[in-house]
file input-v4.pdb (PDB, C-alpha atoms and all ligand atoms)
ATOM      1  CA  MET A   1     -12.232  13.710  -5.897
ATOM      2  CA  SER A   2      -9.294  12.777  -8.108
ATOM      3  CA  ASN A   3      -5.837  13.849  -6.972
ATOM      4  CA  ASP A   4      -6.124  16.856  -9.291
ATOM      5  CA  GLU A   5      -9.507  17.797  -7.864
ATOM      6  CA  THR A   6      -8.082  17.438  -4.354
ATOM      7  CA  LYS A   7      -5.256  19.826  -5.269
ATOM      8  CA  GLU A   8      -7.729  22.291  -6.798
ATOM      9  CA  PHE A   9      -9.903  22.053  -3.678
ATOM     10  CA  LEU A  10      -6.950  22.666  -1.359
ATOM     11  CA  ASP A  11      -5.767  25.612  -3.466
ATOM     12  CA  SER A  12      -9.203  27.210  -2.974
ATOM     13  CA  LEU A  13      -8.856  27.110   0.844
ATOM     14  CA  PRO A  14      -7.085  29.561   3.161
ATOM     15  CA  GLU A  15      -3.499  28.484   3.705
ATOM     16  CA  LEU A  16      -2.213  28.056   7.237
ATOM     17  CA  GLU A  17       1.208  29.562   6.774
ATOM     18  CA  GLU A  18       4.258  28.158   8.513
ATOM     19  CA  GLY A  19       4.291  29.085  12.206
ATOM     20  CA  LYS A  20       0.721  30.476  12.127
ATOM     21  CA  THR A  21      -1.796  28.907  14.512
ATOM     22  CA  TYR A  22      -5.490  28.034  14.552
ATOM     23  CA  ASN A  23      -7.791  27.040  17.413
ATOM     24  CA  PHE A  24      -9.268  23.567  17.454
ATOM     25  CA  LYS A  25     -10.272  20.631  19.598
ATOM     26  CA  CYS A  26     -12.371  17.569  18.789
ATOM     27  CA  TYR A  27     -13.644  15.242  21.533
ATOM     28  CA  PRO A  28     -16.537  12.896  22.331
ATOM     29  CA  GLY A  29     -19.219  15.119  23.816
ATOM     30  CA  ILE A  30     -18.752  18.065  21.475
ATOM     31  CA  LYS A  31     -22.152  18.907  19.941
ATOM     32  CA  CYS A  32     -21.084  18.105  16.381
ATOM     33  CA  PHE A  33     -19.424  14.779  17.300
ATOM     34  CA  ASN A  34     -19.271  12.534  14.211
ATOM     35  CA  ALA A  35     -20.850  15.195  11.945
ATOM     36  CA  CYS A  36     -17.727  15.073   9.761
ATOM     37  CA  CYS A  37     -17.867  11.287   9.194
ATOM     38  CA  SER A  38     -20.447  11.133   6.409
ATOM     39  CA  ASP A  39     -20.939  12.008   2.757
ATOM     40  CA  LEU A  40     -17.176  12.092   2.137
ATOM     41  CA  ASP A  41     -15.565  12.282  -1.279
ATOM     42  CA  MET A  42     -12.137  11.032  -0.243
ATOM     43  CA  VAL A  43      -9.341   9.351  -2.162
ATOM     44  CA  LEU A  44      -7.565   6.602  -0.212
ATOM     45  CA  THR A  45      -3.824   6.157  -0.709
ATOM     46  CA  PRO A  46      -2.185   2.709  -0.941
ATOM     47  CA  TYR A  47      -0.869   3.198   2.606
ATOM     48  CA  ASP A  48      -4.325   4.221   3.916
ATOM     49  CA  ILE A  49      -5.780   1.059   2.447
ATOM     50  CA  LEU A  50      -3.077  -1.178   3.835
ATOM     51  CA  ARG A  51      -3.425   0.275   7.352
ATOM     52  CA  MET A  52      -7.206  -0.107   7.286
ATOM     53  CA  ARG A  53      -7.033  -3.630   5.865
ATOM     54  CA  LYS A  54      -4.604  -4.733   8.545
ATOM     55  CA  ALA A  55      -6.800  -3.223  11.279
ATOM     56  CA  LEU A  56      -9.818  -5.086   9.877
ATOM     57  CA  ASP A  57      -7.865  -8.257   9.036
ATOM     58  CA  LYS A  58      -9.303  -8.273   5.506
ATOM     59  CA  ASN A  59      -7.739  -9.366   2.252
ATOM     60  CA  SER A  60      -7.339  -6.715  -0.424
ATOM     61  CA  ILE A  61      -9.987  -8.034  -2.811
ATOM     62  CA  ASP A  62     -12.705  -8.033  -0.140
ATOM     63  CA  PHE A  63     -11.599  -4.672   1.240
ATOM     64  CA  LEU A  64     -11.607  -2.920  -2.136
ATOM     65  CA  ARG A  65     -14.990  -4.417  -3.050
ATOM     66  CA  VAL A  66     -16.732  -3.388   0.175
ATOM     67  CA  TYR A  67     -15.080  -0.118   1.150
ATOM     68  CA  THR A  68     -13.954   1.558  -2.057
ATOM     69  CA  VAL A  69     -15.130   2.722  -5.457
ATOM     70  CA  GLY A  70     -12.430   2.551  -8.116
ATOM     71  CA  HIS A  71     -11.751   4.372 -11.361
ATOM     72  CA  ARG A  72      -8.756   5.533 -13.365
ATOM     73  CA  ALA A  73      -7.466   9.099 -13.226
ATOM     74  CA  PRO A  74      -7.892  10.724 -16.655
ATOM     75  CA  ASP A  75      -4.511  12.494 -16.521
ATOM     76  CA  THR A  76      -2.284   9.579 -15.451
ATOM     77  CA  ASN A  77      -4.486   6.496 -16.069
ATOM     78  CA  PHE A  78      -3.402   5.422 -12.575
ATOM     79  CA  PRO A  79      -5.994   3.622 -10.421
ATOM     80  CA  VAL A  80      -7.892   5.796  -7.943
ATOM     81  CA  PHE A  81      -9.822   4.261  -5.042
ATOM     82  CA  LYS A  82     -12.303   6.444  -3.212
ATOM     83  CA  PHE A  83     -13.691   5.701   0.224
ATOM     84  CA  ARG A  84     -17.161   4.161  -0.247
ATOM     85  CA  MET A  85     -19.767   5.524   2.157
ATOM     86  CA  SER A  86     -22.711   3.429   3.396
ATOM     87  CA  ASP A  87     -25.963   3.305   1.404
ATOM     88  CA  SER A  88     -27.878   5.080   4.180
ATOM     89  CA  LYS A  89     -29.550   8.395   3.373
ATOM     90  CA  ALA A  90     -26.838  10.295   5.263
ATOM     91  CA  ARG A  91     -24.090   8.299   3.497
ATOM     92  CA  THR A  92     -22.284   7.705   6.789
ATOM     93  CA  CYS A  93     -18.814   6.190   6.928
ATOM     94  CA  HIS A  94     -18.876   2.430   7.558
ATOM     95  CA  PHE A  95     -16.644   2.910  10.598
ATOM     96  CA  VAL A  96     -18.424   5.650  12.519
ATOM     97  CA  THR A  97     -19.949   4.569  15.862
ATOM     98  CA  GLY A  98     -21.559   6.404  18.764
ATOM     99  CA  GLU A  99     -18.160   6.358  20.481
ATOM    100  CA  GLY A 100     -16.293   7.676  17.440
ATOM    101  CA  CYS A 101     -14.171   5.999  14.773
ATOM    102  CA  ALA A 102     -14.026   2.189  15.045
ATOM    103  CA  ILE A 103     -10.616   2.157  13.314
ATOM    104  CA  TYR A 104      -9.245   5.285  14.983
ATOM    105  CA  ALA A 105      -5.648   4.008  15.288
ATOM    106  CA  ASP A 106      -5.621   3.186  11.555
ATOM    107  CA  ARG A 107      -7.962   5.841  10.135
ATOM    108  CA  PRO A 108      -6.985   7.286   6.754
ATOM    109  CA  GLY A 109      -4.487  10.138   6.543
ATOM    110  CA  ALA A 110      -7.128  12.674   5.451
ATOM    111  CA  CYS A 111      -9.245  11.825   8.543
ATOM    112  CA  ARG A 112      -6.164  12.369  10.725
ATOM    113  CA  MET A 113      -5.338  15.745   9.236
ATOM    114  CA  TYR A 114      -8.924  17.086   9.335
ATOM    115  CA  PRO A 115      -9.698  19.995   9.758
ATOM    116  CA  LEU A 116      -6.489  20.649   7.881
ATOM    117  CA  GLY A 117      -5.692  19.632   4.343
ATOM    118  CA  ARG A 118      -2.079  18.932   3.456
ATOM    119  CA  ALA A 119      -0.410  19.300   0.070
ATOM    120  CA  THR A 120       3.185  18.695  -0.952
ATOM    121  CA  ARG A 121       5.240  20.225  -3.732
ATOM    122  CA  PRO A 122       8.808  19.506  -4.891
ATOM    123  CA  ASP A 123      11.173  21.871  -3.032
ATOM    124  CA  GLY A 124      13.633  22.068  -5.931
ATOM    125  CA  LYS A 125      16.321  20.294  -3.853
ATOM    126  CA  GLY A 126      15.057  16.757  -4.320
ATOM    127  CA  GLY A 127      12.765  16.883  -1.292
ATOM    128  CA  THR A 128       9.210  18.040  -0.711
ATOM    129  CA  LYS A 129       7.742  21.177   0.798
ATOM    130  CA  GLU A 130       4.476  20.831   2.632
ATOM    131  CA  GLN A 131       1.591  23.261   2.876
ATOM    132  CA  PHE A 132      -1.426  23.186   5.179
ATOM    133  CA  PHE A 133      -4.909  24.517   4.452
ATOM    134  CA  ILE A 134      -7.839  25.063   6.804
ATOM    135  CA  VAL A 135     -11.017  23.190   5.919
ATOM    136  CA  GLN A 136     -13.523  25.227   7.950
ATOM    137  CA  GLU A 137     -16.940  23.641   7.522
ATOM    138  CA  ASP A 138     -20.055  25.173   9.085
ATOM    139  CA  HIS A 139     -20.958  22.067  11.075
ATOM    140  CA  CYS A 140     -17.555  21.792  12.777
ATOM    141  CA  MET A 141     -17.586  23.420  16.208
ATOM    142  CA  GLY A 142     -14.051  22.418  17.096
ATOM    143  CA  PHE A 143     -12.797  25.822  15.938
ATOM    144  CA  ASN A 144     -14.516  27.460  18.939
ATOM    145  CA  GLU A 145     -12.249  25.569  21.350
ATOM    146  CA  PRO A 146      -9.179  27.235  22.911
ATOM    147  CA  ASP A 147      -6.415  24.732  21.973
ATOM    148  CA  GLU A 148      -3.876  26.214  19.551
ATOM    149  CA  TRP A 149      -2.076  24.341  16.797
ATOM    150  CA  THR A 150       0.316  24.941  13.943
ATOM    151  CA  GLY A 151       0.149  22.663  10.900
ATOM    152  CA  SER A 152       3.220  20.783  12.131
ATOM    153  CA  SER A 153       2.071  20.358  15.724
ATOM    154  CA  TRP A 154      -1.346  19.084  14.543
ATOM    155  CA  LYS A 155       0.303  16.642  12.140
ATOM    156  CA  GLN A 156       2.507  15.333  14.955
ATOM    157  CA  ASP A 157      -0.372  15.089  17.426
ATOM    158  CA  GLN A 158      -2.507  13.098  14.983
ATOM    159  CA  GLY A 159       0.248  10.613  14.123
ATOM    160  CA  PHE A 160       0.281  11.685  10.485
ATOM    161  CA  HIS A 161       4.083  11.359  10.312
ATOM    162  CA  GLU A 162       3.592   7.576  10.012
ATOM    163  CA  TYR A 163       1.785   8.218   6.717
ATOM    164  CA  THR A 164       4.035  10.809   5.113
ATOM    165  CA  ALA A 165       6.867   8.614   3.793
ATOM    166  CA  SER A 166       4.606   6.282   1.823
ATOM    167  CA  ASN A 167       1.981   8.863   0.805
ATOM    168  CA  ASP A 168       4.531  11.439  -0.318
ATOM    169  CA  ARG A 169       6.373   8.839  -2.360
ATOM    170  CA  TYR A 170       3.193   7.774  -4.061
ATOM    171  CA  MET A 171       2.245  11.396  -4.830
ATOM    172  CA  ASN A 172       5.739  11.918  -6.200
ATOM    173  CA  ILE A 173       5.297   8.970  -8.604
ATOM    174  CA  LEU A 174       2.004  10.471  -9.827
ATOM    175  CA  ALA A 175       3.644  13.901 -10.220
ATOM    176  CA  ARG A 176       6.449  12.365 -12.294
ATOM    177  CA  VAL A 177       3.916  10.606 -14.560
ATOM    178  CA  ARG A 178       2.076  13.924 -14.988
ATOM    179  CA  GLU A 179       5.317  15.754 -15.774
ATOM    180  CA  ASP A 180       6.028  13.114 -18.393
ATOM    181  CA  GLY A 181       2.781  14.209 -20.056
ATOM    182  CA  ARG A 182       1.674  10.684 -21.040
ATOM    183  CA  PRO A 183      -0.800   8.552 -19.116
ATOM    184  CA  VAL A 184       0.526   5.082 -18.290
ATOM    185  CA  SER A 185      -0.677   2.113 -20.368
ATOM    186  CA  ASP A 186      -3.672   0.056 -19.248
ATOM    187  CA  LYS A 187      -1.288  -2.820 -18.512
ATOM    188  CA  MET A 188       0.789  -0.592 -16.223
ATOM    189  CA  SER A 189      -2.349   0.763 -14.562
ATOM    190  CA  HIS A 190      -3.506  -2.781 -13.880
ATOM    191  CA  MET A 191      -0.077  -3.536 -12.446
ATOM    192  CA  ALA A 192      -0.307  -0.451 -10.194
ATOM    193  CA  THR A 193      -3.597  -1.759  -8.778
ATOM    194  CA  LEU A 194      -1.986  -5.105  -8.088
ATOM    195  CA  ALA A 195       1.293  -3.852  -6.642
ATOM    196  CA  MET A 196       0.064  -0.937  -4.566
ATOM    197  CA  TYR A 197      -3.555  -1.629  -3.692
ATOM    198  CA  LYS A 198      -3.548  -5.454  -3.541
ATOM    199  CA  VAL A 199      -0.252  -5.972  -1.796
ATOM    200  CA  ASP A 200      -1.183  -9.456  -0.546
ATOM    201  CA  GLU A 201      -1.870 -10.526  -4.161
ATOM    202  CA  PHE A 202       1.323  -8.789  -5.277
ATOM    203  CA  GLN A 203       3.355 -10.903  -2.827
ATOM    204  CA  ARG A 204       1.950 -14.033  -4.516
ATOM    205  CA  PHE A 205       2.658 -12.549  -7.962
ATOM    206  CA  ILE A 206       6.300 -11.933  -6.975
ATOM    207  CA  VAL A 207       6.730 -15.627  -6.177
ATOM    208  CA  GLN A 208       4.764 -16.943  -9.181
ATOM    209  CA  MET A 209       6.552 -14.692 -11.677
ATOM    210  CA  ARG A 210       9.952 -15.176  -9.996
ATOM    211  CA  LEU A 211      10.324 -11.414  -9.987
ATOM    212  CA  PHE A 212      13.358 -11.443  -7.691
ATOM    213  CA  ASP A 213      15.289 -13.479 -10.295
ATOM    214  CA  ARG A 214      15.395 -10.363 -12.464
ATOM    215  CA  LEU A 215      16.359  -7.885  -9.753
ATOM    216  CA  GLU A 216      19.410  -7.096  -7.687
ATOM    217  CA  ILE A 217      17.952  -7.666  -4.281
ATOM    218  CA  ASP A 218      19.498  -9.456  -1.320
ATOM    219  CA  GLU A 219      17.895 -12.433   0.390
ATOM    220  CA  LYS A 220      17.166 -10.605   3.626
ATOM    221  CA  ARG A 221      15.130  -7.999   1.772
ATOM    222  CA  GLN A 222      13.396 -10.620  -0.371
ATOM    223  CA  LYS A 223      12.237 -12.356   2.812
ATOM    224  CA  ALA A 224      11.022  -9.099   4.353
ATOM    225  CA  ILE A 225       9.061  -8.224   1.198
ATOM    226  CA  LEU A 226       7.287 -11.571   1.195
ATOM    227  CA  GLU A 227       6.555 -11.507   4.929
ATOM    228  CA  ASP A 228       5.596  -7.896   5.560
ATOM    229  CA  GLU A 229       3.048  -6.094   3.392
ATOM    230  CA  PHE A 230       4.371  -2.668   4.417
ATOM    231  CA  VAL A 231       7.836  -3.634   3.145
ATOM    232  CA  ALA A 232       6.177  -5.065   0.011
ATOM    233  CA  LEU A 233       4.374  -1.761  -0.622
ATOM    234  CA  SER A 234       7.632   0.150  -0.377
ATOM    235  CA  PHE A 235       9.214  -2.370  -2.770
ATOM    236  CA  ALA A 236       6.245  -1.909  -5.160
ATOM    237  CA  MET A 237       7.065   1.790  -5.364
ATOM    238  CA  ASP A 238      10.776   1.053  -6.005
ATOM    239  CA  TRP A 239       9.717  -1.339  -8.758
ATOM    240  CA  PHE A 240       7.393   1.225 -10.326
ATOM    241  CA  GLU A 241      10.091   3.896 -10.302
ATOM    242  CA  LEU A 242      12.357   1.431 -12.075
ATOM    243  CA  MET A 243       9.749   0.398 -14.652
ATOM    244  CA  LEU A 244       8.269   3.822 -15.353
ATOM    245  CA  PHE A 245      11.255   6.134 -15.107
ATOM    246  CA  SER A 246      14.245   3.739 -15.381
ATOM    247  CA  ASP A 247      15.105   5.059 -11.931
ATOM    248  CA  THR A 248      17.741   2.740 -10.442
ATOM    249  CA  SER A 249      18.317   4.730  -7.258
ATOM    250  CA  LYS A 250      16.525   2.125  -5.120
ATOM    251  CA  LEU A 251      16.312  -0.981  -7.301
ATOM    252  CA  LYS A 252      18.326  -2.366 -10.215
ATOM    253  CA  THR A 253      17.633  -5.081 -12.734
ATOM    254  CA  LYS A 254      20.113  -7.938 -13.220
ATOM    255  CA  ASN A 255      21.962  -7.997 -16.558
ATOM    256  CA  VAL A 256      19.362  -5.905 -18.425
ATOM    257  CA  PRO A 257      20.854  -2.449 -18.956
ATOM    258  CA  THR A 258      18.527   0.400 -17.956
ATOM    259  CA  ARG A 259      18.453   3.910 -19.399
ATOM    260  CA  SER A 260      20.072   5.389 -16.277
ATOM    261  CA  ARG A 261      22.993   3.000 -16.513
ATOM    262  CA  GLY A 262      23.411   3.097 -20.291
ATOM    263  CA  GLN A 263      22.640   6.739 -21.045
ATOM    264  CA  LYS A 264      23.369  10.103 -19.590
TER     265      LYS A 264
HETATM  266  S1  LIG A 301     -17.211  18.207  13.042
HETATM  267 FE1  LIG A 301     -15.226  18.945  13.817
HETATM  268  S2  LIG A 301     -15.350  19.023  16.060
HETATM  269 FE2  LIG A 301     -17.144  17.895  15.269
HETATM  270  S3  LIG A 301     -16.510  15.773  15.437
HETATM  271 FE3  LIG A 301     -15.959  16.428  13.368
HETATM  272  S4  LIG A 301     -13.839  17.202  13.532
HETATM  273 FE4  LIG A 301     -14.668  16.989  15.603
HETATM  274  S1  LIG A 302     -12.573   6.363   8.963
HETATM  275 FE1  LIG A 302     -13.113   7.027  11.015
HETATM  276  S2  LIG A 302     -12.478   9.169  11.112
HETATM  277 FE2  LIG A 302     -12.576   8.599   8.939
HETATM  278  S3  LIG A 302     -14.626   9.161   8.272
HETATM  279 FE3  LIG A 302     -14.702   7.020   8.931
HETATM  280  S4  LIG A 302     -15.327   7.073  11.076
HETATM  281 FE4  LIG A 302     -14.655   9.130  10.510
END

call {"tool": "encode", "arguments": {"input": "input-v4.pdb", "output": "structure tokens"}}
result
Amino acid sequence: MSNDETKEFLDSLPELEEGKTYNFKCYPGIKCFNACCSDLDMVLTPYDILRMRKALDKNSIDFLRVYTVGHRAPDTNFPVFKFRMSDSKARTCHFVTGEGCAIYADRPGACRMYPLGRATRPDGKGGTKEQFFIVQEDHCMGFNEPDEWTGSSWKQDQGFHEYTASNDRYMNILARVREDGRPVSDKMSHMATLAMYKVDEFQRFIVQMRLFDRLEIDEKRQKAILEDEFVALSFAMDWFELMLFSDTSKLKTKNVPTRSRGQK
């Protein structure tokens, strides 16, 4: 599903309103164990990919080739990478084992939130408002269990909070491109693949192209960006906000005046 299709899908599901609860528990031994880990049509975020790559100790080129299928979103022309299932008849996830998920600690955000879907919208005050939806599939027997959850308590329990900052930022960039009404150029789309989905390659690009020479960025941060891919991904988003929207709130260019500085 593209991000738009995901939104449409979530909008078609019953919303779990704030403070409302649902019953659910998933554990090894439940009759349907692993039934949800096949035939998935799931978009992976840049942060999902980075977490999985680090868990598997794979470089980005190999990871994207083996575990994803890429295309460009028609509305934004941004790259979209979907989770590639195995070629088996059941199209199982590459990471499902008899004991459960082989990359459980670094599983994608959507796997963490299941059986809830999560959507965010601008709250009108510069932040985001989140909504939860119940994805009740026939094969999932976890809903017959007595444990009670709200959207927030489930999110906390599943460690999804580690994913929100990066994922919400990325979704916000896509929303701003959509609001702008013009898909990004192919060159910018290619750059988005490099900066956000191939962060290890992006670190090399930064050095080769002497990118820091053109930016106001202190040495301590430069070092962190080149040493830590999670810091580099956050920097990639700052850089995109600067390039796409002339947004200098997190990053500024040296000498070259930007629209935000020069215009009201
Ligand atoms: S189908 Fe539901 S209960 Fe069964 S393993 Fe998947 S999430 Fe757990
Ligand atoms: S990554 Fe793990 S939790 Fe997600 S579908 Fe694959 S096996 Fe299941």

call {"tool": "atom_distance", "arguments": {"input": "input-v4.pdb", "atom1": "CA of Ile173 in chain A", "atom2": "CA of Phe240 in chain A"}}
result
8.2 Å

call {"tool": "residues_near_ligand", "arguments": {"input": "input-v4.pdb", "ligand": "ligand LIG 301 (chain A)", "cutoff": "9 Å", "atoms": "all atoms listed in the file", "output": "list in words"}}
result
Phe24, Lys25, Cys26, Tyr27, Pro28, Gly29, Ile30, Lys31, Cys32, Phe33, Asn34, Ala35, Cys36, Cys37, Gly100, Cys111, Tyr114, Pro115, Gln136, Glu137, Asp138, His139, Cys140, Met141, Gly142, Phe143, Asn144 and Glu145 of chain A

call {"tool": "residues_around", "arguments": {"input": "input-v4.pdb", "residues": "range 187-192 of chain A", "least_positions_apart": "4", "cutoff": "7 Å", "atoms": "only C-alpha atoms", "output": "list in words"}}
result
Asn77, Phe78, Pro79 and Met196 of chain A

call {"tool": "resolve_selection", "arguments": {"input": "input-v4.pdb", "expression": "the PyMOL selection byres (((not hetatm)) within 6 of (chain A and resi 302))", "output": "ChimeraX atom specification"}}
result
/A:37,93,95-96,101,103-104,107,111

call {"tool": "closest_residue", "arguments": {"input": "input-v4.pdb", "among": "A:Thr92, A:Asp57, A:Pro46, A:Ser152", "to": "Arg169 in chain A", "atoms": "all atoms listed in the file"}}
result
A:Pro46

call {"tool": "resolve_selection", "arguments": {"input": "input-v4.pdb", "expression": "the PyMOL selection byres (((chain A and resi 70) around 7) and not hetatm)", "output": "number ranges by chain"}}
result
A: 68-69, 71, 79-82

call {"tool": "resolve_selection", "arguments": {"input": "input-v4.pdb", "expression": "the PyMOL selection byres (((chain A and resi 63) around 10) and not hetatm)", "output": "JSON list (two decimals) with C-alpha atoms, in the coordinates of the input"}}
result
[["chain", "number", "residue", "atom", "x", "y", "z"],
["A", 49, "ILE", "CA", -5.78, 1.06, 2.45],
["A", 50, "LEU", "CA", -3.08, -1.18, 3.84],
["A", 52, "MET", "CA", -7.21, -0.11, 7.29],
["A", 53, "ARG", "CA", -7.03, -3.63, 5.86],
["A", 56, "LEU", "CA", -9.82, -5.09, 9.88],
["A", 57, "ASP", "CA", -7.86, -8.26, 9.04],
["A", 58, "LYS", "CA", -9.30, -8.27, 5.51],
["A", 59, "ASN", "CA", -7.74, -9.37, 2.25],
["A", 60, "SER", "CA", -7.34, -6.72, -0.42],
["A", 61, "ILE", "CA", -9.99, -8.03, -2.81],
["A", 62, "ASP", "CA", -12.70, -8.03, -0.14],
["A", 64, "LEU", "CA", -11.61, -2.92, -2.14],
["A", 65, "ARG", "CA", -14.99, -4.42, -3.05],
["A", 66, "VAL", "CA", -16.73, -3.39, 0.18],
["A", 67, "TYR", "CA", -15.08, -0.12, 1.15],
["A", 68, "THR", "CA", -13.95, 1.56, -2.06],
["A", 197, "TYR", "CA", -3.56, -1.63, -3.69],
["A", 198, "LYS", "CA", -3.55, -5.45, -3.54]]
